[in-house]
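File shown here: target_17.pdb, holding PDB, C-alpha atoms.
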```
ATOM      1  CA  MET A 260      16.297 -10.721  23.836  1.00  0.00           C
ATOM      2  CA  ASP A 261      13.658  -8.314  22.620  1.00  0.00           C
ATOM      3  CA  THR A 262      14.615  -5.748  20.013  1.00  0.00           C
ATOM      4  CA  THR A 263      12.400  -3.255  18.273  1.00  0.00           C
ATOM      5  CA  ILE A 264      12.908  -2.342  14.630  1.00  0.00           C
ATOM      6  CA  GLU A 265      10.920  -0.070  12.375  1.00  0.00           C
ATOM      7  CA  LEU A 266       9.821  -1.341   8.983  1.00  0.00           C
ATOM      8  CA  GLN A 267       7.904   0.194   6.147  1.00  0.00           C
ATOM      9  CA  PRO A 268       4.236  -0.831   5.994  1.00  0.00           C
ATOM     10  CA  LYS A 269       4.859  -2.728   2.732  1.00  0.00           C
ATOM     11  CA  ASP A 270       7.570  -4.790   4.442  1.00  0.00           C
ATOM     12  CA  ILE A 271       5.253  -5.634   7.337  1.00  0.00           C
ATOM     13  CA  GLU A 272       2.538  -6.642   4.863  1.00  0.00           C
ATOM     14  CA  PHE A 273       5.048  -8.883   3.098  1.00  0.00           C
ATOM     15  CA  LEU A 274       6.119 -10.530   6.359  1.00  0.00           C
ATOM     16  CA  ASP A 275       2.506 -10.998   7.396  1.00  0.00           C
ATOM     17  CA  SER A 276       1.689 -12.587   4.033  1.00  0.00           C
ATOM     18  CA  LEU A 277       4.507 -15.101   4.522  1.00  0.00           C
ATOM     19  CA  VAL A 278       3.160 -15.986   7.957  1.00  0.00           C
ATOM     20  CA  ALA A 279      -0.419 -16.202   6.635  1.00  0.00           C
ATOM     21  CA  ARG A 280       0.751 -18.633   3.926  1.00  0.00           C
ATOM     22  CA  GLN A 281       2.532 -20.595   6.655  1.00  0.00           C
ATOM     23  CA  GLU A 282       5.923 -20.077   5.007  1.00  0.00           C
ATOM     24  CA  PHE A 283       7.115 -18.988   8.470  1.00  0.00           C
ATOM     25  CA  THR A 284       5.605 -19.276  11.917  1.00  0.00           C
ATOM     26  CA  SER A 285       6.229 -15.612  12.790  1.00  0.00           C
ATOM     27  CA  ARG A 286       7.670 -12.342  11.571  1.00  0.00           C
ATOM     28  CA  THR A 287      10.698 -13.091  13.746  1.00  0.00           C
ATOM     29  CA  ASP A 288      11.278 -16.414  11.974  1.00  0.00           C
ATOM     30  CA  ALA A 289      11.083 -14.734   8.573  1.00  0.00           C
ATOM     31  CA  ILE A 290      13.519 -11.987   9.559  1.00  0.00           C
ATOM     32  CA  HIS A 291      15.875 -14.537  11.108  1.00  0.00           C
ATOM     33  CA  LYS A 292      15.970 -16.489   7.828  1.00  0.00           C
ATOM     34  CA  ALA A 293      16.517 -13.284   5.837  1.00  0.00           C
ATOM     35  CA  LEU A 294      19.480 -12.405   8.051  1.00  0.00           C
ATOM     36  CA  GLU A 295      20.931 -15.903   7.629  1.00  0.00           C
ATOM     37  CA  LEU A 296      20.703 -15.526   3.855  1.00  0.00           C
ATOM     38  CA  LEU A 297      22.242 -12.043   3.979  1.00  0.00           C
ATOM     39  CA  GLN A 298      25.145 -13.291   6.099  1.00  0.00           C
ATOM     40  CA  LYS A 299      25.718 -16.163   3.683  1.00  0.00           C
ATOM     41  CA  GLU A 300      25.639 -13.847   0.668  1.00  0.00           C
ATOM     42  CA  ILE A 301      28.126 -11.447   2.248  1.00  0.00           C
ATOM     43  CA  ALA A 302      30.414 -14.329   3.280  1.00  0.00           C
ATOM     44  CA  GLU A 303      30.393 -15.681  -0.270  1.00  0.00           C
ATOM     45  CA  ASN A 304      30.538 -12.419  -2.221  1.00  0.00           C
ATOM     46  CA  GLY A 305      31.863  -9.843   0.212  1.00  0.00           C
ATOM     47  CA  SER A 306      30.936  -6.235  -0.012  1.00  0.00           C
ATOM     48  CA  VAL A 307      30.008  -6.527  -3.705  1.00  0.00           C
ATOM     49  CA  PHE A 308      26.525  -7.479  -2.551  1.00  0.00           C
ATOM     50  CA  LEU A 309      26.198  -4.339  -0.432  1.00  0.00           C
ATOM     51  CA  LYS A 310      26.925  -1.846  -3.204  1.00  0.00           C
TER      52      LYS A 310
END
```
Let me see the file written as C-alpha cells.
Amino acid sequence: MDTTIELQPKDIEFLDSLVARQEFTSRTDAIHKALELLQKEIAENGSVFLK
C-alpha cells in the first residue's frame, strides 16, 4: 500500500542520513521501525508518553 506523508525538511534529512549510513535500507524502513518503537512505548507507558 502506498501512502504519502509530509515531513519537515530536517526530518527528511535525518532519514536520508540514516539510509546513507546504512542504518536502514530506506526511509520506509526507518519510519516502520520508529512506528514499532512508538507502539511499544505507548503499550508500556500508555498515554503518559503522548503528553
Interatomic distance, atom CA of A:Gly305 to atom CA of A:Phe273 (Å, one decimal): 27.0 Å
message: One decimal, in Å: what's the spacing between atom CA of A:Ile264 and atom CA of A:Arg286?
response: 11.7 Å
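For the set A:Thr287, A:Gln298, A:Ser306, A:Gln281, the residue with the smallest atom-to-atom gap to A:Thr262 is A:Thr287, counting all atoms listed in the file.
Going from atom CA of A:Ile301 to atom CA of A:Ala289 covers 18.5 Å.
The shortest atom-to-atom distance to A:Ile290, with only C-alpha atoms taken into account, belongs to A:Leu274 out of A:Leu274, A:Leu266, A:Met260, A:Glu303.
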Would you save stretch 266-305 of chain A from the block above with N, CA and C atoms, as a JSON list (two decimals), in the first residue's frame?
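Output below, filename out_29.json:
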```
[["chain", "number", "residue", "atom", "x", "y", "z"],
["A", 266, "LEU", "N", 6.68, 15.57, 5.59],
["A", 266, "LEU", "CA", 7.63, 15.74, 6.69],
["A", 266, "LEU", "C", 8.38, 17.05, 6.52],
["A", 267, "GLN", "N", 8.86, 17.55, 7.61],
["A", 267, "GLN", "CA", 9.70, 18.74, 7.57],
["A", 267, "GLN", "C", 11.01, 18.38, 6.89],
["A", 268, "PRO", "N", 11.63, 19.34, 6.21],
["A", 268, "PRO", "CA", 12.92, 19.08, 5.56],
["A", 268, "PRO", "C", 13.97, 18.49, 6.49],
["A", 269, "LYS", "N", 14.01, 18.95, 7.75],
["A", 269, "LYS", "CA", 15.00, 18.42, 8.69],
["A", 269, "LYS", "C", 14.76, 16.95, 8.99],
["A", 270, "ASP", "N", 13.49, 16.53, 8.99],
["A", 270, "ASP", "CA", 13.17, 15.12, 9.23],
["A", 270, "ASP", "C", 13.58, 14.26, 8.04],
["A", 271, "ILE", "N", 13.38, 14.78, 6.84],
["A", 271, "ILE", "CA", 13.80, 14.07, 5.63],
["A", 271, "ILE", "C", 15.32, 13.95, 5.60],
["A", 272, "GLU", "N", 16.01, 15.02, 5.96],
["A", 272, "GLU", "CA", 17.48, 14.97, 6.02],
["A", 272, "GLU", "C", 17.95, 13.92, 7.02],
["A", 273, "PHE", "N", 17.26, 13.85, 8.16],
["A", 273, "PHE", "CA", 17.62, 12.86, 9.17],
["A", 273, "PHE", "C", 17.42, 11.44, 8.64],
["A", 274, "LEU", "N", 16.26, 11.20, 8.02],
["A", 274, "LEU", "CA", 16.00, 9.88, 7.45],
["A", 274, "LEU", "C", 17.04, 9.53, 6.39],
["A", 275, "ASP", "N", 17.34, 10.50, 5.52],
["A", 275, "ASP", "CA", 18.32, 10.25, 4.47],
["A", 275, "ASP", "C", 19.70, 9.97, 5.05],
["A", 276, "SER", "N", 20.04, 10.63, 6.16],
["A", 276, "SER", "CA", 21.35, 10.36, 6.77],
["A", 276, "SER", "C", 21.41, 8.95, 7.34],
["A", 277, "LEU", "N", 20.31, 8.46, 7.88],
["A", 277, "LEU", "CA", 20.27, 7.08, 8.38],
["A", 277, "LEU", "C", 20.45, 6.09, 7.24],
["A", 278, "VAL", "N", 19.82, 6.36, 6.13],
["A", 278, "VAL", "CA", 19.95, 5.48, 4.96],
["A", 278, "VAL", "C", 21.37, 5.55, 4.41],
["A", 279, "ALA", "N", 21.93, 6.76, 4.35],
["A", 279, "ALA", "CA", 23.30, 6.93, 3.83],
["A", 279, "ALA", "C", 24.31, 6.18, 4.69],
["A", 280, "ARG", "N", 24.06, 6.15, 6.00],
["A", 280, "ARG", "CA", 24.97, 5.43, 6.92],
["A", 280, "ARG", "C", 24.64, 3.94, 6.98],
["A", 281, "GLN", "N", 23.69, 3.53, 6.17],
["A", 281, "GLN", "CA", 23.25, 2.14, 6.08],
["A", 281, "GLN", "C", 22.68, 1.61, 7.40],
["A", 282, "GLU", "N", 22.10, 2.53, 8.19],
["A", 282, "GLU", "CA", 21.38, 2.11, 9.39],
["A", 282, "GLU", "C", 20.06, 1.45, 8.98],
["A", 283, "PHE", "N", 19.49, 1.94, 7.87],
["A", 283, "PHE", "CA", 18.26, 1.40, 7.29],
["A", 283, "PHE", "C", 18.44, 1.34, 5.78],
["A", 284, "THR", "N", 17.65, 0.49, 5.14],
["A", 284, "THR", "CA", 17.77, 0.36, 3.70],
["A", 284, "THR", "C", 16.94, 1.40, 2.95],
["A", 285, "SER", "N", 15.99, 2.03, 3.65],
["A", 285, "SER", "CA", 15.13, 3.04, 3.01],
["A", 285, "SER", "C", 14.48, 3.92, 4.06],
["A", 286, "ARG", "N", 13.92, 5.02, 3.60],
["A", 286, "ARG", "CA", 13.14, 5.88, 4.50],
["A", 286, "ARG", "C", 11.99, 5.08, 5.10],
["A", 287, "THR", "N", 11.35, 4.25, 4.27],
["A", 287, "THR", "CA", 10.22, 3.45, 4.73],
["A", 287, "THR", "C", 10.64, 2.53, 5.88],
["A", 288, "ASP", "N", 11.79, 1.90, 5.76],
["A", 288, "ASP", "CA", 12.28, 1.02, 6.82],
["A", 288, "ASP", "C", 12.49, 1.79, 8.12],
["A", 289, "ALA", "N", 13.06, 2.98, 8.01],
["A", 289, "ALA", "CA", 13.32, 3.80, 9.19],
["A", 289, "ALA", "C", 12.01, 4.22, 9.86],
["A", 290, "ILE", "N", 11.04, 4.64, 9.06],
["A", 290, "ILE", "CA", 9.75, 5.05, 9.62],
["A", 290, "ILE", "C", 9.02, 3.86, 10.23],
["A", 291, "HIS", "N", 9.12, 2.71, 9.58],
["A", 291, "HIS", "CA", 8.49, 1.50, 10.12],
["A", 291, "HIS", "C", 9.06, 1.18, 11.51],
["A", 292, "LYS", "N", 10.37, 1.25, 11.66],
["A", 292, "LYS", "CA", 10.99, 0.97, 12.95],
["A", 292, "LYS", "C", 10.57, 2.01, 13.99],
["A", 293, "ALA", "N", 10.50, 3.28, 13.59],
["A", 293, "ALA", "CA", 10.07, 4.33, 14.51],
["A", 293, "ALA", "C", 8.64, 4.07, 15.00],
["A", 294, "LEU", "N", 7.77, 3.63, 14.10],
["A", 294, "LEU", "CA", 6.40, 3.32, 14.50],
["A", 294, "LEU", "C", 6.34, 2.12, 15.42],
["A", 295, "GLU", "N", 7.17, 1.12, 15.17],
["A", 295, "GLU", "CA", 7.23, -0.04, 16.08],
["A", 295, "GLU", "C", 7.63, 0.41, 17.48],
["A", 296, "LEU", "N", 8.64, 1.27, 17.57],
["A", 296, "LEU", "CA", 9.10, 1.76, 18.86],
["A", 296, "LEU", "C", 8.04, 2.61, 19.55],
["A", 297, "LEU", "N", 7.34, 3.44, 18.78],
["A", 297, "LEU", "CA", 6.27, 4.25, 19.34],
["A", 297, "LEU", "C", 5.14, 3.38, 19.88],
["A", 298, "GLN", "N", 4.75, 2.36, 19.12],
["A", 298, "GLN", "CA", 3.70, 1.45, 19.59],
["A", 298, "GLN", "C", 4.12, 0.75, 20.87],
["A", 299, "LYS", "N", 5.37, 0.32, 20.94],
["A", 299, "LYS", "CA", 5.87, -0.35, 22.13],
["A", 299, "LYS", "C", 5.85, 0.60, 23.33],
["A", 300, "GLU", "N", 6.30, 1.82, 23.12],
["A", 300, "GLU", "CA", 6.33, 2.81, 24.21],
["A", 300, "GLU", "C", 4.92, 3.09, 24.72],
["A", 301, "ILE", "N", 3.97, 3.26, 23.82],
["A", 301, "ILE", "CA", 2.60, 3.52, 24.24],
["A", 301, "ILE", "C", 2.01, 2.31, 24.96],
["A", 302, "ALA", "N", 2.30, 1.10, 24.48],
["A", 302, "ALA", "CA", 1.80, -0.11, 25.13],
["A", 302, "ALA", "C", 2.35, -0.23, 26.55],
["A", 303, "GLU", "N", 3.61, 0.16, 26.73],
["A", 303, "GLU", "CA", 4.24, 0.03, 28.04],
["A", 303, "GLU", "C", 3.89, 1.17, 28.99],
["A", 304, "ASN", "N", 3.72, 2.37, 28.47],
["A", 304, "ASN", "CA", 3.55, 3.55, 29.32],
["A", 304, "ASN", "C", 2.26, 4.31, 29.09],
["A", 305, "GLY", "N", 1.43, 3.83, 28.20],
["A", 305, "GLY", "CA", 0.15, 4.47, 27.95],
["A", 305, "GLY", "C", 0.28, 5.89, 27.43]]
```
